[in-house]
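Asker: Got a structure for you, written out below as structure tokens; questions coming shortly.
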Amino acid sequence: MSQQFNMIDYEKTYKEFKWEVPEYFNFAGDVIDKWAEDPDKLAMWWVDDDGNEVKKTFADISRASRKFANVLKEQGVGRGDVVMVILPRNYEWWEAFTACIRMGALLAPGAAQLTAKDLDHRANTARAACIITNEEVAAKFDEVQVHCPTVRAKIIVDGQREGWIAYTDAVEKAAEAFETVNTKSDDNCLVYFTSGTVGMPKMALHTHASYPIGHQVTGAYWLDLKPDDLHWNISDTGWAKAAWSSYFGPWHCGAAQFIHHTNRFDPGKTLELLAQYPVTVMCSAPTIYRMLALQDLTGLKFPHLRHCVGAGEPLNPEIIEVWKAATGCIIRDGYGQTETVLLCGSFPCIEPRFGSMGKPSPGFDLHVVDDDGKALPPNSEGDIAVRVRPERPAGLFKEYWKEPERTASVYRGDWYLTGDRAYVDEDGYFWFVGRADDVILTSGYRIGPFEVESALIEHPAVAESAVVSSPDETRGEVVKAYIITAPGFTPSDDLAKELQDHVKKVTAPYKYPRKIEFVEALPKTISGKIRRVELRNREWGR
């Protein structure tokens, strides 16, 4: 189980922290089963939109995962085989996740929104042996199965389908005894197809140490979870953030998870559940917080809520203020990737600086470096990098699976490069600038899209925005903003001019968007990140 740390003194904890990575480690056996020794220890409080509720203990999860491991074994799935788990927030996702880890199979999670083409690509790229999914995705997979010869087992969770094994029936009949595989810490554990901003998704490969052990830092320090907490991570199960905050992080700490199974996000329903259930810690993407902040929060009470965090992209200070006024909680930002665990965070024990990513996580030597791999002085923009030599930290992915050249491309000297740019202030706080390929160069200036987006969202007419470069005959490129208006506002030339003047007032005038386009929706990845690359390509005619 997790080292039960409480971070009271950041500097002391950061200085003294040491990774403890044993030769052998299996999260199912070493964490889930240990918590399961208390038969009443709550692991999950699951609800759906129809009012159904299911509570599961760690003992329940342990038992179901052993039975399902036997089901997989009977279907010829074994250690090292790739298992695609593509489910929404069915509680079976957690059972299947645990079963695969227990038996040493290689997990390949995915989101239920994947298309038949996506499923074809993933199954063949990863050479998957098994797919576990629901009726909707099963129908899509059947369209392409003939092209996926490695898939020999198909398991459906929510019903019956010809050619598919019914999960519930199979688990009910399966034997309970299953010996957990004695996996080495550096054995392969799970692979994520990253959402990315360019090209086809790449496969970030993690070991039984990099995520399962690495997320001790995420759970104990950033999420600040204790064994008596009820934690709600509003994240799609196909995104690596689910592994962060819906699996490894909270269960390392013995915290129970609140799970809302729904087909669509409803901000009003979310606030209703948050007020109704004893949720103590909440984690969500900035997009979700922005939608919640647009609701009428007056009169709502959240008596149990004590800690909130956001991740995926920086959260605008204005939204943090609105949420704090309504709940009393400051949304603490956190930074990391599919390839990593939490690298940097606004930990509860440090003074928050709204808009900042916070300070480096214990266990990581994090810096901003120049093109030669040299750490830059304060307030100098550069690449966010993790030192990997002479000692490689736990919590960092093994490789881009089957792509050695791509793996090599993210290293510079002693550093792993995240592909993001930032600067560090005099007090050691990191400030996000943007993706390395999102920075806008205009008239000799370098402009990060996030700063412009933050300025725009301060205006009451802006619900969401995305800022990209756009070609300009005189300046080479200029700032363009795609804007979704807030309820009660109508797009117009006058509003565009008002927004431009607003940005000039709240940030450096040269950063204002010279072009504005009002839209009804923004292109996003499955994980909720804005796909600026799609908008940028549209501007440049690519």
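Going by the structure tokens order, chains are called A, B, ..., each with residues numbered from 1, while ligands are numbered from 1 in the order shown.
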Could you pull out the alpha helix (DSSP H) residues of stretch 336-432 of chain A from DSSP and send them as a ChimeraX atom specification?
Answerer: /A:404-409
Asker: Which residues are near stretch 108-112 of chain A? Cut-off 8 Å, only C-alpha atoms, ignore same chain within fewer than 2 positions. Put them as a ChimeraX atom specification.
Answerer: /A:82-88,106,114,137,190-193,236-239,526
Asker: Show which residues sit within 12 Å of A:Val309, as a ChimeraX atom specification. Count only C-alpha atoms, and ignore same-chain residues fewer than 4 positions away.
Answerer: /A:218-219,221-225,231-234,245,280-286,288-289,305,313-315,320,323-324,329-335,342,345-348,352,357-358
Asker: Closest to A:Ile483 among A:Ile457, A:Ala126, A:Val452, A:Val519, using only C-alpha atoms?
Answerer: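 Among the listed residues, A:Val519 lies closest to A:Ile483.
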Asker: What's the 9 Å shell around A:Cys130, counting only C-alpha atoms, without same-chain residues fewer than 5 positions away, as a VMD selection string?
Answerer: chain A and resid 72 75 77 81 to 85 123 150 to 155
Asker: Could you write out that same residue set with C-alpha atoms as a PDB file, in the first residue's frame?
Answerer:
```
ATOM      1  CA  LEU A  72      -9.920 -14.396 -19.180  1.00  0.00           C
ATOM      2  CA  GLN A  75     -10.510 -17.672 -23.032  1.00  0.00           C
ATOM      3  CA  VAL A  77      -5.743 -14.705 -22.379  1.00  0.00           C
ATOM      4  CA  ASP A  81      -1.440 -10.353 -23.735  1.00  0.00           C
ATOM      5  CA  VAL A  82      -3.026  -7.015 -24.614  1.00  0.00           C
ATOM      6  CA  VAL A  83      -6.576  -6.496 -23.339  1.00  0.00           C
ATOM      7  CA  MET A  84      -8.574  -3.542 -24.647  1.00  0.00           C
ATOM      8  CA  VAL A  85     -10.910  -2.258 -21.921  1.00  0.00           C
ATOM      9  CA  ALA A 123      -6.475  -3.559 -32.006  1.00  0.00           C
ATOM     10  CA  THR A 150      -5.293 -11.197 -33.071  1.00  0.00           C
ATOM     11  CA  VAL A 151      -8.503 -10.612 -31.081  1.00  0.00           C
ATOM     12  CA  ARG A 152      -9.636 -14.034 -29.897  1.00  0.00           C
ATOM     13  CA  ALA A 153     -11.849 -13.099 -26.950  1.00  0.00           C
ATOM     14  CA  LYS A 154     -14.772 -10.663 -26.937  1.00  0.00           C
ATOM     15  CA  ILE A 155     -16.558  -9.854 -23.676  1.00  0.00           C
TER      16      ILE A 155
END
```
Asker: With distances taken over only C-alpha atoms, which of A:Arg446, A:Lys67, A:Lys359, A:Arg538 is nearest to A:Glu426?
Answerer: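 Ranking A:Arg446, A:Lys67, A:Lys359, A:Arg538 by distance to A:Glu426, first place goes to A:Lys359.
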Asker: Report as a short mmCIF file (atom, residue, chain, number, x, y, z; two decimals) with C-alpha atoms, in the first residue's frame all protein, DNA and RNA residues lying within 12 Å of A:Ala220, evaluated on only C-alpha atoms, omitting residues in the same chain fewer than 3 positions from it.
Answerer:
```
data_model
loop_
_atom_site.label_atom_id
_atom_site.label_comp_id
_atom_site.auth_asym_id
_atom_site.auth_seq_id
_atom_site.Cartn_x
_atom_site.Cartn_y
_atom_site.Cartn_z
CA MET A 1 0.00 0.00 0.00
CA SER A 2 0.98 3.63 -0.34
CA GLN A 3 3.42 5.19 2.05
CA GLN A 4 0.88 7.20 4.05
CA PHE A 5 2.53 10.60 3.82
CA ASN A 6 1.01 13.92 4.75
CA MET A 7 2.77 16.82 3.12
CA ILE A 8 2.86 19.56 5.74
CA THR A 13 9.13 16.58 1.88
CA ILE A 213 3.85 3.09 -7.80
CA GLY A 214 4.35 6.53 -9.33
CA HIS A 215 0.80 7.62 -8.55
CA GLN A 216 1.51 7.43 -4.83
CA VAL A 217 2.62 11.03 -5.29
CA LEU A 223 -5.22 14.76 -4.23
CA ASP A 224 -4.41 14.82 -0.50
CA LEU A 225 -6.41 11.64 0.05
CA LYS A 226 -6.84 9.75 3.30
CA PRO A 227 -8.48 6.34 3.89
CA ASP A 229 -12.18 10.23 2.01
CA TRP A 244 -4.40 8.88 -12.20
CA SER A 245 -7.45 9.81 -10.16
CA PHE A 248 -4.11 4.16 -8.74
CA GLY A 249 -4.05 7.49 -6.87
CA PRO A 250 -7.11 7.07 -4.63
CA TRP A 251 -6.81 3.33 -4.05
CA HIS A 252 -3.16 3.61 -3.02
CA CYS A 253 -4.47 5.83 -0.24
CA GLY A 254 -7.42 3.59 0.62
CA ALA A 255 -9.93 6.30 -0.33
CA LEU A 342 1.94 14.29 -11.49
CA PHE A 347 -0.11 21.18 -3.27
CA PRO A 348 -2.41 21.96 -0.31
CA SER A 361 6.31 16.93 -7.27
CA PRO A 362 8.46 15.06 -4.76
#
```
Asker: Give me the residues near A:Ile156 as a PyMOL selection string, where near means some atom within 8 Å (using only C-alpha atoms) and where sequence neighbours in that chain fewer than 6 positions away do not count.
Answerer: chain A and resi 132-135+138+164-167
Asker: Can I get the selected residues back with N, CA and C atoms, as a JSON list (two decimals), in the first residue's frame?
Answerer:
```
[["chain", "number", "residue", "atom", "x", "y", "z"],
["A", 132, "ILE", "N", -12.94, -5.89, -24.06],
["A", 132, "ILE", "CA", -14.00, -5.88, -23.06],
["A", 132, "ILE", "C", -14.73, -4.55, -23.23],
["A", 133, "THR", "N", -16.03, -4.62, -23.54],
["A", 133, "THR", "CA", -16.73, -3.37, -23.84],
["A", 133, "THR", "C", -18.23, -3.51, -23.63],
["A", 134, "ASN", "N", -18.98, -2.51, -24.09],
["A", 134, "ASN", "CA", -20.43, -2.52, -23.94],
["A", 134, "ASN", "C", -21.10, -2.77, -25.29],
["A", 135, "GLU", "N", -22.42, -2.77, -25.30],
["A", 135, "GLU", "CA", -23.20, -3.09, -26.50],
["A", 135, "GLU", "C", -22.89, -2.14, -27.65],
["A", 138, "ALA", "N", -19.39, -2.77, -28.95],
["A", 138, "ALA", "CA", -19.35, -4.12, -29.52],
["A", 138, "ALA", "C", -19.88, -4.12, -30.95],
["A", 164, "TRP", "N", -20.26, -13.00, -28.45],
["A", 164, "TRP", "CA", -19.64, -12.32, -27.32],
["A", 164, "TRP", "C", -19.96, -13.07, -26.03],
["A", 165, "ILE", "N", -19.03, -13.03, -25.08],
["A", 165, "ILE", "CA", -19.23, -13.63, -23.76],
["A", 165, "ILE", "C", -19.86, -12.58, -22.85],
["A", 166, "ALA", "N", -20.93, -12.95, -22.17],
["A", 166, "ALA", "CA", -21.60, -12.03, -21.25],
["A", 166, "ALA", "C", -20.80, -11.96, -19.94],
["A", 167, "TYR", "N", -20.32, -10.78, -19.62],
["A", 167, "TYR", "CA", -19.46, -10.58, -18.46],
["A", 167, "TYR", "C", -20.10, -11.09, -17.17]]
```
Asker: Going by DSSP on the backbone, which residues of stretch 87-251 of chain A come out as strand (DSSP E)? List them as an MDAnalysis selection string.
Answerer: chainID A and resid 106:110 130:133 153:156 165:166 188:193 203:207 230:234
Asker: Limited to C-alpha atoms, could you put the picked residues into a file as a compact mmCIF listing (two decimals), in the first residue's frame?
Answerer:
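Okay, result.txt is ready:
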```
# COMPACT_ATOMS: atom_id res chain seq x y z
CA LEU A 106 -1.26 -5.61 -20.62
CA LEU A 107 -4.12 -3.13 -20.31
CA ALA A 108 -5.04 -0.93 -23.26
CA PRO A 109 -7.84 1.40 -22.06
CA GLY A 110 -9.94 3.38 -24.49
CA CYS A 130 -9.15 -9.45 -26.09
CA ILE A 131 -11.70 -6.64 -25.99
CA ILE A 132 -14.00 -5.88 -23.06
CA THR A 133 -16.73 -3.37 -23.84
CA ALA A 153 -11.85 -13.10 -26.95
CA LYS A 154 -14.77 -10.66 -26.94
CA ILE A 155 -16.56 -9.85 -23.68
CA ILE A 156 -19.64 -7.65 -23.36
CA ILE A 165 -19.23 -13.63 -23.76
CA ALA A 166 -21.60 -12.03 -21.25
CA ASN A 188 4.78 -3.97 -18.88
CA CYS A 189 1.45 -3.10 -17.23
CA LEU A 190 -0.63 -0.79 -19.41
CA VAL A 191 -0.46 1.16 -22.64
CA TYR A 192 -2.33 4.35 -23.46
CA PHE A 193 -2.98 5.71 -26.91
CA MET A 203 1.28 4.26 -27.46
CA ALA A 204 2.71 5.35 -24.12
CA LEU A 205 3.83 2.16 -22.36
CA HIS A 206 3.85 1.96 -18.56
CA THR A 207 5.28 -0.65 -16.22
CA LEU A 230 -14.82 9.92 -0.72
CA HIS A 231 -13.17 11.07 -3.94
CA TRP A 232 -14.93 12.06 -7.17
CA ASN A 233 -12.89 12.26 -10.36
CA ILE A 234 -15.09 13.48 -13.21
```
